[in-house]
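Undergrad: Next comes the structure file target18.cif, holding mmCIF, C-alpha atoms.
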data_entry
loop_
_atom_site.label_atom_id
_atom_site.label_comp_id
_atom_site.auth_asym_id
_atom_site.auth_seq_id
_atom_site.Cartn_x
_atom_site.Cartn_y
_atom_site.Cartn_z
CA MET A 1 -11.92 -4.74 19.74
CA GLY A 2 -12.00 -6.64 16.46
CA ASN A 3 -14.89 -4.54 15.16
CA ILE A 4 -13.06 -1.32 16.04
CA ASP A 5 -9.92 -2.52 14.26
CA ASN A 6 -11.97 -3.52 11.21
CA LYS A 7 -13.73 -0.15 11.14
CA GLU A 8 -10.40 1.69 11.38
CA LYS A 9 -8.99 -0.45 8.58
CA GLU A 10 -12.05 0.22 6.41
CA PHE A 11 -11.80 3.95 7.15
CA ALA A 12 -8.13 3.97 6.10
CA GLU A 13 -8.90 2.10 2.89
CA ILE A 14 -11.76 4.45 1.97
CA LEU A 15 -9.61 7.51 2.73
CA LYS A 16 -6.89 6.13 0.47
CA LEU A 17 -9.44 5.51 -2.29
CA VAL A 18 -10.95 9.00 -1.93
CA THR A 19 -7.49 10.57 -2.07
CA ARG A 20 -6.63 8.61 -5.20
CA THR A 21 -9.96 9.56 -6.82
CA ALA A 22 -9.13 13.21 -6.22
CA ARG A 23 -5.62 12.78 -7.64
CA GLU A 24 -7.05 11.25 -10.80
CA ASN A 25 -9.36 14.26 -11.09
CA LYS A 26 -6.44 16.73 -11.00
CA ASN A 27 -6.55 16.98 -7.19
CA VAL A 28 -10.20 17.92 -6.84
CA ILE A 29 -13.15 16.04 -5.31
CA SER A 30 -16.71 17.03 -4.45
CA THR A 31 -18.26 17.07 -0.99
CA ASP A 32 -20.91 14.64 -2.22
CA GLN A 33 -18.27 12.18 -3.46
CA VAL A 34 -16.58 12.18 -0.07
CA LYS A 35 -19.84 11.72 1.83
CA GLU A 36 -20.91 8.93 -0.52
CA ALA A 37 -17.60 7.12 -0.10
CA PHE A 38 -17.89 7.14 3.71
CA SER A 39 -21.69 6.66 3.84
CA GLU A 40 -21.57 3.13 5.28
CA LEU A 41 -19.37 4.20 8.20
CA ASP A 42 -21.93 6.74 9.47
CA LEU A 43 -19.37 9.42 10.26
CA ASP A 44 -20.61 12.38 12.28
CA GLU A 45 -20.06 15.97 11.14
CA LYS A 46 -16.87 16.37 13.18
CA GLN A 47 -15.34 13.21 11.71
CA LEU A 48 -16.26 14.33 8.19
CA GLN A 49 -14.61 17.69 8.80
CA MET A 50 -11.46 15.84 9.85
CA VAL A 51 -11.56 13.99 6.52
CA PHE A 52 -11.93 17.28 4.64
CA GLU A 53 -9.04 18.80 6.60
CA TYR A 54 -6.88 15.78 5.76
CA LEU A 55 -7.68 16.17 2.06
CA ARG A 56 -6.97 19.91 2.10
CA SER A 57 -3.66 19.28 3.86
CA HIS A 58 -2.78 17.10 0.87
CA LYS A 59 -3.56 20.03 -1.46
CA ILE A 60 -6.86 18.48 -2.58
CA GLY A 61 -9.59 20.96 -3.47
CA ILE A 62 -13.09 20.31 -2.14
CA ASP A 63 -15.64 21.42 -4.76
CA GLU A 64 -13.09 23.84 -6.19
CA GLU A 65 -9.69 24.03 -7.81
CA ALA A 66 -6.89 22.76 -5.62
CA LEU A 67 -4.42 25.38 -4.41
CA VAL A 68 -0.78 24.43 -4.95
CA SER A 69 1.64 27.13 -3.86
CA GLU A 70 5.41 27.26 -3.77
CA ASP A 71 5.34 28.28 -0.10
CA ASP A 72 5.52 24.64 0.99
CA LEU A 73 8.78 23.98 -0.90
CA THR A 74 12.24 24.30 0.61
CA ASP A 75 14.57 26.90 -0.90
CA GLU A 76 16.49 24.08 -2.53
CA GLU A 77 13.32 22.65 -4.08
CA THR A 78 12.18 26.09 -5.26
CA ASN A 79 15.52 26.70 -6.97
CA TYR A 80 15.40 23.26 -8.57
CA LEU A 81 11.81 23.79 -9.75
CA ASN A 82 12.59 27.19 -11.28
CA ASP A 83 15.63 25.83 -13.12
CA TYR A 84 13.70 22.79 -14.31
CA LEU A 85 10.74 24.82 -15.55
CA GLU A 86 13.16 27.13 -17.35
CA SER A 87 14.65 24.12 -19.16
CA LEU A 88 11.18 22.98 -20.24
CA LYS A 89 10.63 26.28 -22.07
CA ASP A 90 12.93 24.99 -24.82
CA LEU A 91 10.61 22.08 -25.60
CA PRO A 92 8.72 22.15 -28.91
CA GLN A 93 5.14 23.40 -28.72
CA TYR A 94 2.45 21.38 -30.50
CA THR A 95 -1.15 22.20 -31.40
CA ASP A 96 -3.96 19.92 -30.23
CA GLY A 97 -4.20 18.46 -33.73
CA GLU A 98 -0.47 17.75 -33.83
CA ILE A 99 -0.61 16.11 -30.40
CA GLU A 100 -3.44 13.83 -31.52
CA ALA A 101 -1.42 12.79 -34.58
CA ILE A 102 1.61 12.13 -32.38
CA GLN A 103 -0.54 10.08 -30.01
CA MET A 104 -1.86 7.95 -32.88
CA SER A 105 1.64 7.27 -34.20
CA ALA A 106 2.93 6.53 -30.69
CA ILE A 107 0.12 4.02 -30.16
CA ALA A 108 1.20 2.36 -33.41
CA GLY A 109 4.71 2.03 -31.95
CA ASP A 110 6.55 4.80 -33.79
CA LYS A 111 9.66 5.56 -31.70
CA GLU A 112 10.04 9.18 -32.86
CA SER A 113 6.42 9.91 -31.94
CA GLN A 114 6.89 8.28 -28.53
CA ASP A 115 9.86 10.60 -27.89
CA LYS A 116 7.77 13.61 -28.94
CA LEU A 117 5.01 12.46 -26.60
CA ILE A 118 7.46 12.47 -23.72
CA GLU A 119 8.24 16.10 -24.53
CA CYS A 120 4.52 16.91 -24.61
CA TYR A 121 3.92 15.53 -21.12
CA LEU A 122 7.06 16.52 -19.19
CA PRO A 123 5.25 19.64 -17.86
CA LEU A 124 2.41 17.41 -16.63
CA VAL A 125 4.92 15.42 -14.56
CA VAL A 126 5.79 18.64 -12.74
CA ASP A 127 2.12 19.37 -12.02
CA VAL A 128 1.64 15.90 -10.58
CA ALA A 129 4.82 16.12 -8.49
CA ARG A 130 3.66 19.43 -7.00
CA MET A 131 0.53 17.67 -5.71
CA TYR A 132 2.71 15.26 -3.75
CA SER A 133 5.22 17.72 -2.30
CA GLU A 134 5.45 17.90 1.51
CA GLN A 135 4.99 14.14 1.83
CA GLY A 136 8.55 13.27 2.77
CA VAL A 137 10.05 12.94 -0.72
CA TYR A 138 12.06 15.66 -2.44
CA LEU A 139 10.39 17.31 -5.43
CA GLU A 140 13.37 16.39 -7.62
CA ASP A 141 12.90 12.70 -6.76
CA LEU A 142 9.16 12.88 -7.43
CA ILE A 143 9.75 14.44 -10.83
CA GLY A 144 12.43 11.86 -11.57
CA GLU A 145 10.06 8.99 -10.79
CA GLY A 146 7.31 10.62 -12.85
CA ASN A 147 9.65 11.02 -15.82
CA VAL A 148 10.66 7.36 -15.63
CA ALA A 149 6.98 6.36 -15.59
CA LEU A 150 6.27 8.63 -18.56
CA THR A 151 9.20 7.24 -20.55
CA ARG A 152 8.03 3.70 -19.87
CA GLY A 153 4.38 4.57 -20.45
CA VAL A 154 4.79 5.87 -24.01
CA THR A 155 6.02 2.41 -25.03
CA MET A 156 2.90 0.75 -23.57
CA LEU A 157 0.22 2.65 -25.45
CA ASP A 158 -0.90 -0.38 -27.43
CA VAL A 159 -3.09 -1.21 -24.42
CA VAL A 160 -4.82 2.17 -24.77
CA GLY A 161 -5.98 2.14 -28.35
CA GLU A 162 -7.53 5.64 -28.55
CA PRO A 163 -5.68 9.01 -28.60
CA SER A 164 -8.27 10.45 -26.21
CA GLU A 165 -7.21 7.93 -23.55
CA VAL A 166 -3.45 8.50 -23.79
CA GLU A 167 -3.14 11.42 -21.35
CA GLY A 168 -5.26 9.70 -18.69
CA PHE A 169 -3.22 6.50 -19.03
CA LEU A 170 0.12 8.31 -18.66
CA TYR A 171 -1.25 10.47 -15.84
CA LYS A 172 -2.21 7.40 -13.80
CA LEU A 173 1.24 5.89 -14.34
CA MET A 174 2.77 9.09 -12.94
CA LEU A 175 0.46 8.91 -9.92
CA ASP A 176 1.39 5.26 -9.33
CA ALA A 177 5.11 6.00 -9.54
CA MET A 178 5.00 8.91 -7.10
CA GLU A 179 2.73 7.14 -4.63
CA ALA A 180 5.08 4.13 -4.73
CA ILE A 181 8.15 6.20 -3.84
CA ILE A 182 6.24 7.97 -1.05
CA GLU A 183 5.08 4.63 0.42
CA GLU A 184 8.61 3.25 0.14
CA ASN A 185 9.94 6.29 1.97
CA LEU A 186 7.28 5.94 4.69
CA ALA A 187 8.13 2.25 5.10
CA GLU A 188 11.83 3.05 5.43
CA ASN A 189 11.10 5.75 8.01
CA ALA A 190 8.81 3.38 9.92
CA GLY A 191 11.50 0.73 9.85
CA GLY A 192 14.03 3.21 11.16
CA GLN A 193 11.67 4.30 13.93
CA LYS A 194 11.10 0.67 14.87
CA VAL A 195 14.84 0.07 15.17
CA LEU A 196 15.29 3.22 17.27
CA SER A 197 12.43 2.17 19.55
CA LEU A 198 13.96 -1.28 20.03
CA VAL A 199 17.39 0.11 20.93
CA GLN A 200 15.83 2.67 23.29
CA GLU A 201 13.66 0.05 25.00
CA VAL A 202 16.60 -2.30 25.63
CA ALA A 203 18.86 0.58 26.72
CA ASP A 204 16.26 1.85 29.20
CA LYS A 205 15.77 -1.59 30.78
CA ALA A 206 19.52 -2.18 30.94
CA LYS A 207 20.01 1.19 32.65
CA GLU A 208 17.23 0.47 35.14
CA LEU A 209 18.71 -2.91 36.08
CA ALA A 210 22.27 -1.56 36.13
CA GLU A 211 21.25 1.10 38.64
CA ASP A 212 19.90 -1.62 40.93
CA LEU A 213 23.01 -3.79 40.56
CA ARG A 214 25.41 -0.83 40.40
CA ARG A 215 27.27 -2.34 37.48
CA LYS A 216 26.79 -3.24 33.85
CA VAL A 217 24.36 -6.06 33.27
CA THR A 218 24.79 -9.12 31.08
CA VAL A 219 22.52 -10.23 28.28
CA GLU A 220 21.48 -13.22 30.38
CA GLU A 221 20.57 -11.03 33.37
CA LEU A 222 18.49 -8.75 31.16
CA MET A 223 16.73 -11.78 29.65
CA GLU A 224 15.90 -13.08 33.12
CA GLU A 225 14.69 -9.67 34.32
CA THR A 226 12.49 -8.87 31.31
CA GLY A 227 11.51 -12.25 29.88
CA TRP A 228 12.79 -11.14 26.47
CA ASP A 229 14.44 -13.65 24.19
CA GLU A 230 18.13 -13.32 23.38
CA ASP A 231 17.51 -12.41 19.72
CA LYS A 232 15.67 -9.23 20.69
CA ILE A 233 18.50 -8.05 22.93
CA ARG A 234 21.23 -9.05 20.49
CA SER A 235 19.41 -7.19 17.71
CA ALA A 236 19.34 -4.01 19.79
CA ILE A 237 23.05 -4.41 20.54
CA LYS A 238 23.79 -4.87 16.85
CA PHE A 239 21.69 -1.89 15.72
CA SER A 240 23.28 0.34 18.36
CA GLY A 241 26.79 -0.65 17.25
CA ASP A 242 27.35 -2.25 20.67
CA ALA A 243 26.92 1.17 22.25
CA ILE A 244 24.35 0.44 25.00
CA GLU A 245 26.39 1.72 27.95
CA ASP A 246 24.82 -0.31 30.75
CA LEU A 247 24.84 -3.62 28.89
CA ASP A 248 27.81 -5.96 28.74
CA SER A 249 27.30 -7.78 25.44
CA GLY A 250 30.02 -10.30 26.27
CA GLU A 251 31.65 -9.55 22.93
CA LYS A 252 34.96 -7.79 22.44
CA LYS A 253 34.70 -4.50 20.58
#
Take the structure from the file and write it as structure tokens.
TA:
Amino acid sequence: MGNIDNKEKEFAEILKLVTRTARENKNVISTDQVKEAFSELDLDEKQLQMVFEYLRSHKIGIDEEALVSEDDLTDEETNYLNDYLESLKDLPQYTDGEIEAIQMSAIAGDKESQDKLIECYLPLVVDVARMYSEQGVYLEDLIGEGNVALTRGVTMLDVVGEPSEVEGFLYKLMLDAMEAIIEENLAENAGGQKVLSLVQEVADKAKELAEDLRRKVTVEELMEETGWDEDKIRSAIKFSGDAIEDLDSGEKK
């Protein structure tokens, strides 16, 4: 059992690494890179195809440009995106040479150049956010987190040193910010599901026992019947707002 758990954990870690590698390469990864990453797990062809399907479902292109369409956005997100892109059209346009000069000044700590650099990379935030749509977080929130990361990132360029490294540095900060908010959202949802499961489990057992006794059951009776500790039952009562019908909590509402 331990070996199976370890293999599953290793698989999950490699999949996360492969996904991140693709994100850093503008949402594209090669077949060979995927096979190399999973080589030690000896996946069969069917398992590899499942990996590829997972990557494609996350808008990652295999050996080709990733396809990001607006079809996966809600109407609300589409309207927001169109309005936001329209607002970005008013931003100043810079040549490659001008951007490099701005990057150099921003690295040196010039505040005006840092602000200009934010303007240069606001459209990139949108591109990154589109890669992460359909993962439980609204596009507006993803863009917001990316913009915060960008604003913070332009003040940290002294760790970069070279203009050629600026875009990659800021890009990774955007990825980090969006992945963090997605993970936070998943954790919150998992926590909510856990609470719902606990309440449902206690309610089901209380109903079962109440049907046998033909009356509401007490916390003590449910503890004796199930072997659960009091904290578990009291937690379910609390999370339900003392609304488990067949359970007499012994507390006045």
Undergrad: How many Å separate CA of Thr74 (chain A) from CA of Leu15 (chain A)?
TA: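 CA of Thr74 (chain A) sits 27.6 Å away from CA of Leu15 (chain A).
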Undergrad: Can you list, as a ChimeraX atom specification, every protein, DNA or RNA residue that comes within 9 Å of region 33-36 of chain A when you count all atoms listed in the file, leaving out same-chain residues fewer than 6 positions away?
TA: /A:15,18,43,48,51-52
Undergrad: Go through the shown structure with the PyMOL selection byres ((chain A and resi 157) around 9) and write out the matching residues as a list in words.
TA: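 That selection, the PyMOL selection byres ((chain A and resi 157) around 9), comes back as Gln103, Ala106, Ile107, Ala108, Gly109, Gly153, Val154, Thr155, Met156, Asp158, Val159, Val160, Gly161, Glu162, Val166, Phe169 and Leu170 of chain A.
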Undergrad: Find, counting all atoms listed in the file, the residue in A:Glu211, A:Asp204, A:Asp32, A:Asp110 that gets nearest to Ile233 (chain A).
TA: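 So, comparing all the options, the nearest one is A:Asp204.
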Undergrad: List as an NGL selection string the protein and nucleic acid residues near region 92-97 of chain A, meaning an atom at most 12 Å away when only C-alpha atoms are counted, but skip any in the same chain fewer than 5 places from it.
TA: :A and (87 or 102-104 or 115-123 or 163-164)
Undergrad: Would you write out, as a list in words, every residue that the PyMOL selection byres ((chain A and resi 206) around 8) captures in this file?
TA: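 Evaluating the PyMOL selection byres ((chain A and resi 206) around 8) on this file yields Val202, Ala203, Asp204, Lys205, Lys207, Glu208, Leu209, Ala210, Lys216, Val217, Leu222, Asp246 and Leu247 of chain A.
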Undergrad: Nearest to Lys16 (chain A) among A:Leu55, A:Glu40, A:Arg130, A:Glu45, with distances taken over only C-alpha atoms: which residue is it?
TA: A:Leu55
Undergrad: Measuring between all atoms listed in the file, which one of A:Asp242, A:Glu140, A:Glu221, A:Glu24 shows the shortest distance to Thr78 (chain A)?
TA: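 Checking each of A:Asp242, A:Glu140, A:Glu221, A:Glu24 against Thr78 (chain A), counting all atoms listed in the file, the winner is A:Glu140.
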Undergrad: Nearest to Gly144 (chain A): which of A:Gln114, A:Lys89, A:Tyr84, A:Glu230 is it, counting all atoms listed in the file?
TA: A:Tyr84
Undergrad: Go through the shown structure with the PyMOL selection byres ((chain A and resi 63) around 9) and write out the matching residues as a PyMOL selection string.
TA: chain A and resi 28-32+61-62+64-66
Undergrad: Edge lengths and centre, in Å to one decimal, as JSON: that's what I need for the box along x, y and z that holds all listed atoms of region 9-20 of chain A plus 3 Å on each side.
TA:
{"center_x": -9.3, "center_y": 5.1, "center_z": 1.7, "size_x": 11.4, "size_y": 17.0, "size_z": 19.8}
Undergrad: Which one of A:Val148, A:Ile14, A:Ala236, A:Leu85 sits closest to Leu173 (chain A) if you count all atoms listed in the file?
TA: A:Val148
Undergrad: Name the closest residue to Asp176 (chain A) among the candidates A:Val195, A:Phe11, A:Val125, A:Gly241; distances are taken between atoms, counting all atoms listed in the file.
TA: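 Closest to Asp176 (chain A) of all the choices is A:Val125.
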Undergrad: Separation of CA of Leu17 (chain A) and CA of Ala37 (chain A), in Å?
TA: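 We find that CA of Leu17 (chain A) and CA of Ala37 (chain A) lie 8.6 Å from each other.
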